[in-house]
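A short worksheet on the structure shown next.
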Amino acid sequence: MGHKTIVSCAILLALTAVAKAENPNDIFIVRTTSKTPDAIVAAIKSHSEQKKWEYLGESKIKRGEVTLVKICIPAVAQHIWPVGLQLSALLPCGNVGIYQKGTATEISVLHPRYMNVLYSHAGTERASAVAEPLLTEMLDVVTK
């Protein structure tokens, strides 16, 4: 079985596990704030710089309705890369979704447990454990 097939099977299994969960939304961490999306983007950039994280930028999608912010947390990467560089795709360097919902702004990130769901390994388990409080703290700080 090739690497792509294994990864595809892992993704299918993870999506199946999420779909069967009592509350499939548990795979997301969502916060609401009265701040504007632009203020949240600026706050995430500032927080990332203070923490010495990689701020990879932001992009507006869906005709400007959603802003995706990309950040990378080196402390999390340290647990993933020894397992294999191909796992870089699992890092929570992915997108933070920021969008308006009514008069409020919502910020959505994947719960870091997705890494271990997609690729069960001690390294991804440690990475998830390191990432969760860091992402939670960031969300707490930027939504205040």
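Ligands are numbered from 1 in the order shown, residues from 1 within each chain, and chains are lettered A, B, ... in the order they appear in the structure tokens.
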
Review point. What lies within 6 Å of Gly97 (chain A) using only C-alpha atoms, ignoring chain neighbours under 2 positions off, as JSON, numbers by chain?
Key: {"A": [67, 68, 95, 107, 108]}

Limited to N, CA and C atoms, could you put the picked residues into a file as a PDB file, in the first residue's frame?
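What follows is the written file again10.pdb:
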ATOM      1  N   THR A  67     -11.955  35.463   6.283  1.00  0.00           N
ATOM      2  CA  THR A  67     -10.516  35.698   6.255  1.00  0.00           C
ATOM      3  C   THR A  67      -9.844  34.485   6.860  1.00  0.00           C
ATOM      4  N   LEU A  68      -8.877  33.937   6.138  1.00  0.00           N
ATOM      5  CA  LEU A  68      -8.082  32.828   6.640  1.00  0.00           C
ATOM      6  C   LEU A  68      -6.735  33.376   7.087  1.00  0.00           C
ATOM      7  N   ASN A  95      -5.300  27.017   8.766  1.00  0.00           N
ATOM      8  CA  ASN A  95      -6.100  28.227   8.748  1.00  0.00           C
ATOM      9  C   ASN A  95      -6.873  28.459  10.029  1.00  0.00           C
ATOM     10  N   ILE A 107     -14.367  33.114  15.295  1.00  0.00           N
ATOM     11  CA  ILE A 107     -13.042  32.633  14.963  1.00  0.00           C
ATOM     12  C   ILE A 107     -13.089  31.116  15.132  1.00  0.00           C
ATOM     13  N   SER A 108     -12.669  30.389  14.105  1.00  0.00           N
ATOM     14  CA  SER A 108     -12.748  28.935  14.124  1.00  0.00           C
ATOM     15  C   SER A 108     -11.376  28.336  13.815  1.00  0.00           C
TER      16      SER A 108
END

Check your understanding: So, counting only C-alpha atoms, which residue among A:Ala129, A:Leu134, A:Leu90, A:Val142 is closest to Ser34 (chain A)?
Key -> A:Val142

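Of the listed residues A:Met115, A:Ala122, A:Val96, A:Val141, the one whose atoms come nearest to His47 (chain A) is A:Val141, with distances taken using only C-alpha atoms.
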
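Residue nearest Lys70 (chain A) within the list A:Glu106, A:Asp38, A:Glu58, A:Glu49: A:Glu58 [criterion: smallest interatomic distance, only C-alpha atoms].
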
Check your understanding: What residues in region 10-137 of chain A get the DSSP label strand (DSSP E or B)? Please answer as a VMD selection string.
Key -> chain A and resid 28 to 33 54 to 61 66 to 72 95 to 101 104 to 110

Filtering to C-alpha atoms, could you give me those residues as a PDB file, in the first residue's frame?
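So the final result, stored in part-v3.pdb, reads:
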ATOM      1  CA  PHE A  28     -13.601  22.732  16.089  1.00  0.00           C
ATOM      2  CA  ILE A  29     -12.822  25.406  18.632  1.00  0.00           C
ATOM      3  CA  VAL A  30     -15.037  28.395  17.904  1.00  0.00           C
ATOM      4  CA  ARG A  31     -15.004  31.710  19.735  1.00  0.00           C
ATOM      5  CA  THR A  32     -17.274  34.702  19.329  1.00  0.00           C
ATOM      6  CA  THR A  33     -16.340  38.345  19.834  1.00  0.00           C
ATOM      7  CA  GLU A  54       5.452  32.086  12.337  1.00  0.00           C
ATOM      8  CA  TYR A  55       2.791  34.427  10.985  1.00  0.00           C
ATOM      9  CA  LEU A  56       2.355  33.245   7.409  1.00  0.00           C
ATOM     10  CA  GLY A  57      -0.273  35.779   6.371  1.00  0.00           C
ATOM     11  CA  GLU A  58      -3.934  36.198   5.734  1.00  0.00           C
ATOM     12  CA  SER A  59      -6.190  35.789   2.720  1.00  0.00           C
ATOM     13  CA  LYS A  60      -9.763  36.819   2.087  1.00  0.00           C
ATOM     14  CA  ILE A  61     -11.918  34.160   0.474  1.00  0.00           C
ATOM     15  CA  VAL A  66     -14.096  34.879   5.335  1.00  0.00           C
ATOM     16  CA  THR A  67     -10.516  35.698   6.255  1.00  0.00           C
ATOM     17  CA  LEU A  68      -8.082  32.828   6.640  1.00  0.00           C
ATOM     18  CA  VAL A  69      -5.041  33.465   8.819  1.00  0.00           C
ATOM     19  CA  LYS A  70      -2.083  31.115   8.706  1.00  0.00           C
ATOM     20  CA  ILE A  71       0.179  30.721  11.723  1.00  0.00           C
ATOM     21  CA  CYS A  72       2.740  28.095  12.662  1.00  0.00           C
ATOM     22  CA  ASN A  95      -6.100  28.227   8.748  1.00  0.00           C
ATOM     23  CA  VAL A  96      -7.800  30.207  11.413  1.00  0.00           C
ATOM     24  CA  GLY A  97     -11.199  31.095   9.927  1.00  0.00           C
ATOM     25  CA  ILE A  98     -12.581  34.531  10.798  1.00  0.00           C
ATOM     26  CA  TYR A  99     -16.051  35.550   9.657  1.00  0.00           C
ATOM     27  CA  GLN A 100     -19.129  37.553  10.634  1.00  0.00           C
ATOM     28  CA  LYS A 101     -22.118  35.727  12.061  1.00  0.00           C
ATOM     29  CA  ALA A 104     -20.640  39.118  15.970  1.00  0.00           C
ATOM     30  CA  THR A 105     -17.342  37.824  14.639  1.00  0.00           C
ATOM     31  CA  GLU A 106     -16.501  34.141  14.955  1.00  0.00           C
ATOM     32  CA  ILE A 107     -13.042  32.633  14.963  1.00  0.00           C
ATOM     33  CA  SER A 108     -12.748  28.935  14.124  1.00  0.00           C
ATOM     34  CA  VAL A 109      -9.766  26.586  14.370  1.00  0.00           C
ATOM     35  CA  LEU A 110      -9.521  22.823  14.158  1.00  0.00           C
TER      36      LEU A 110
END

Review point. Can you list, as a PyMOL selection string, every residue of chain A that DSSP puts in helix (DSSP H, G or I)?
Key: chain A and resi 3-20+24-27+37-51+74-80+85-90+114-118+122-143

Store the residues of this selection in a file with C-alpha atoms, as a PDB file, in the first residue's frame.
ATOM      1  CA  HIS A   3       1.935   6.415   1.196  1.00  0.00           C
ATOM      2  CA  LYS A   4      -0.888   8.316  -0.541  1.00  0.00           C
ATOM      3  CA  THR A   5      -3.253   5.398  -0.033  1.00  0.00           C
ATOM      4  CA  ILE A   6      -2.385   5.197   3.664  1.00  0.00           C
ATOM      5  CA  VAL A   7      -2.920   8.934   4.132  1.00  0.00           C
ATOM      6  CA  SER A   8      -6.216   8.772   2.210  1.00  0.00           C
ATOM      7  CA  CYS A   9      -7.393   5.890   4.403  1.00  0.00           C
ATOM      8  CA  ALA A  10      -6.370   7.774   7.563  1.00  0.00           C
ATOM      9  CA  ILE A  11      -8.311  10.843   6.452  1.00  0.00           C
ATOM     10  CA  LEU A  12     -11.360   8.711   5.633  1.00  0.00           C
ATOM     11  CA  LEU A  13     -11.165   7.009   9.037  1.00  0.00           C
ATOM     12  CA  ALA A  14     -10.827  10.343  10.827  1.00  0.00           C
ATOM     13  CA  LEU A  15     -13.778  11.826   8.973  1.00  0.00           C
ATOM     14  CA  THR A  16     -15.804   8.713   9.776  1.00  0.00           C
ATOM     15  CA  ALA A  17     -14.863   9.018  13.465  1.00  0.00           C
ATOM     16  CA  VAL A  18     -15.873  12.678  13.476  1.00  0.00           C
ATOM     17  CA  ALA A  19     -19.145  11.912  11.708  1.00  0.00           C
ATOM     18  CA  LYS A  20     -19.966   9.203  14.256  1.00  0.00           C
ATOM     19  CA  PRO A  24     -19.063  16.384  15.349  1.00  0.00           C
ATOM     20  CA  ASN A  25     -18.510  20.094  16.068  1.00  0.00           C
ATOM     21  CA  ASP A  26     -16.172  19.048  18.900  1.00  0.00           C
ATOM     22  CA  ILE A  27     -13.424  18.913  16.271  1.00  0.00           C
ATOM     23  CA  PRO A  37     -12.645  40.548  11.614  1.00  0.00           C
ATOM     24  CA  ASP A  38      -9.845  43.003  10.751  1.00  0.00           C
ATOM     25  CA  ALA A  39      -9.219  43.650  14.460  1.00  0.00           C
ATOM     26  CA  ILE A  40      -9.013  39.896  15.066  1.00  0.00           C
ATOM     27  CA  VAL A  41      -6.515  39.478  12.216  1.00  0.00           C
ATOM     28  CA  ALA A  42      -4.364  42.255  13.690  1.00  0.00           C
ATOM     29  CA  ALA A  43      -4.611  40.704  17.167  1.00  0.00           C
ATOM     30  CA  ILE A  44      -3.584  37.257  15.870  1.00  0.00           C
ATOM     31  CA  LYS A  45      -0.622  38.787  14.043  1.00  0.00           C
ATOM     32  CA  SER A  46       0.448  40.673  17.184  1.00  0.00           C
ATOM     33  CA  HIS A  47       0.010  37.609  19.405  1.00  0.00           C
ATOM     34  CA  SER A  48       2.015  35.482  16.963  1.00  0.00           C
ATOM     35  CA  GLU A  49       4.852  37.986  16.881  1.00  0.00           C
ATOM     36  CA  GLN A  50       4.936  38.227  20.686  1.00  0.00           C
ATOM     37  CA  LYS A  51       5.065  34.435  21.007  1.00  0.00           C
ATOM     38  CA  PRO A  74       7.368  25.931  16.367  1.00  0.00           C
ATOM     39  CA  ALA A  75       6.827  24.170  19.730  1.00  0.00           C
ATOM     40  CA  VAL A  76       4.240  21.956  18.052  1.00  0.00           C
ATOM     41  CA  ALA A  77       6.368  21.306  14.975  1.00  0.00           C
ATOM     42  CA  GLN A  78       9.179  19.938  17.156  1.00  0.00           C
ATOM     43  CA  HIS A  79       6.985  16.933  17.973  1.00  0.00           C
ATOM     44  CA  ILE A  80       5.804  16.321  14.404  1.00  0.00           C
ATOM     45  CA  LEU A  85       8.527  15.629   7.319  1.00  0.00           C
ATOM     46  CA  GLN A  86       5.434  14.510   5.403  1.00  0.00           C
ATOM     47  CA  LEU A  87       3.512  15.157   8.640  1.00  0.00           C
ATOM     48  CA  SER A  88       4.164  18.881   8.201  1.00  0.00           C
ATOM     49  CA  ALA A  89       0.801  18.864   6.450  1.00  0.00           C
ATOM     50  CA  LEU A  90      -0.818  17.977   9.787  1.00  0.00           C
ATOM     51  CA  TYR A 114      -7.254  16.093  14.639  1.00  0.00           C
ATOM     52  CA  MET A 115      -3.519  15.455  14.192  1.00  0.00           C
ATOM     53  CA  ASN A 116      -3.593  12.292  16.286  1.00  0.00           C
ATOM     54  CA  VAL A 117      -6.920  11.216  14.776  1.00  0.00           C
ATOM     55  CA  LEU A 118      -5.432  11.410  11.292  1.00  0.00           C
ATOM     56  CA  ALA A 122       3.127   9.400  20.169  1.00  0.00           C
ATOM     57  CA  GLY A 123       4.561  12.439  18.341  1.00  0.00           C
ATOM     58  CA  THR A 124       1.188  13.640  17.075  1.00  0.00           C
ATOM     59  CA  GLU A 125      -0.332  12.984  20.493  1.00  0.00           C
ATOM     60  CA  ARG A 126       2.348  15.177  22.114  1.00  0.00           C
ATOM     61  CA  ALA A 127       1.925  17.810  19.412  1.00  0.00           C
ATOM     62  CA  SER A 128      -1.823  17.918  20.063  1.00  0.00           C
ATOM     63  CA  ALA A 129      -1.228  18.253  23.803  1.00  0.00           C
ATOM     64  CA  VAL A 130       1.201  21.134  23.248  1.00  0.00           C
ATOM     65  CA  ALA A 131      -0.981  22.902  20.667  1.00  0.00           C
ATOM     66  CA  GLU A 132      -4.293  22.874  22.525  1.00  0.00           C
ATOM     67  CA  PRO A 133      -3.407  25.274  25.363  1.00  0.00           C
ATOM     68  CA  LEU A 134      -1.426  27.524  23.013  1.00  0.00           C
ATOM     69  CA  LEU A 135      -4.305  27.872  20.556  1.00  0.00           C
ATOM     70  CA  THR A 136      -6.830  28.238  23.368  1.00  0.00           C
ATOM     71  CA  GLU A 137      -4.750  30.988  24.957  1.00  0.00           C
ATOM     72  CA  MET A 138      -4.451  32.761  21.608  1.00  0.00           C
ATOM     73  CA  LEU A 139      -8.212  32.655  21.118  1.00  0.00           C
ATOM     74  CA  ASP A 140      -8.769  33.947  24.664  1.00  0.00           C
ATOM     75  CA  VAL A 141      -6.344  36.835  24.125  1.00  0.00           C
ATOM     76  CA  VAL A 142      -7.514  37.928  20.674  1.00  0.00           C
ATOM     77  CA  THR A 143     -11.228  37.853  21.489  1.00  0.00           C
TER      78      THR A 143
END
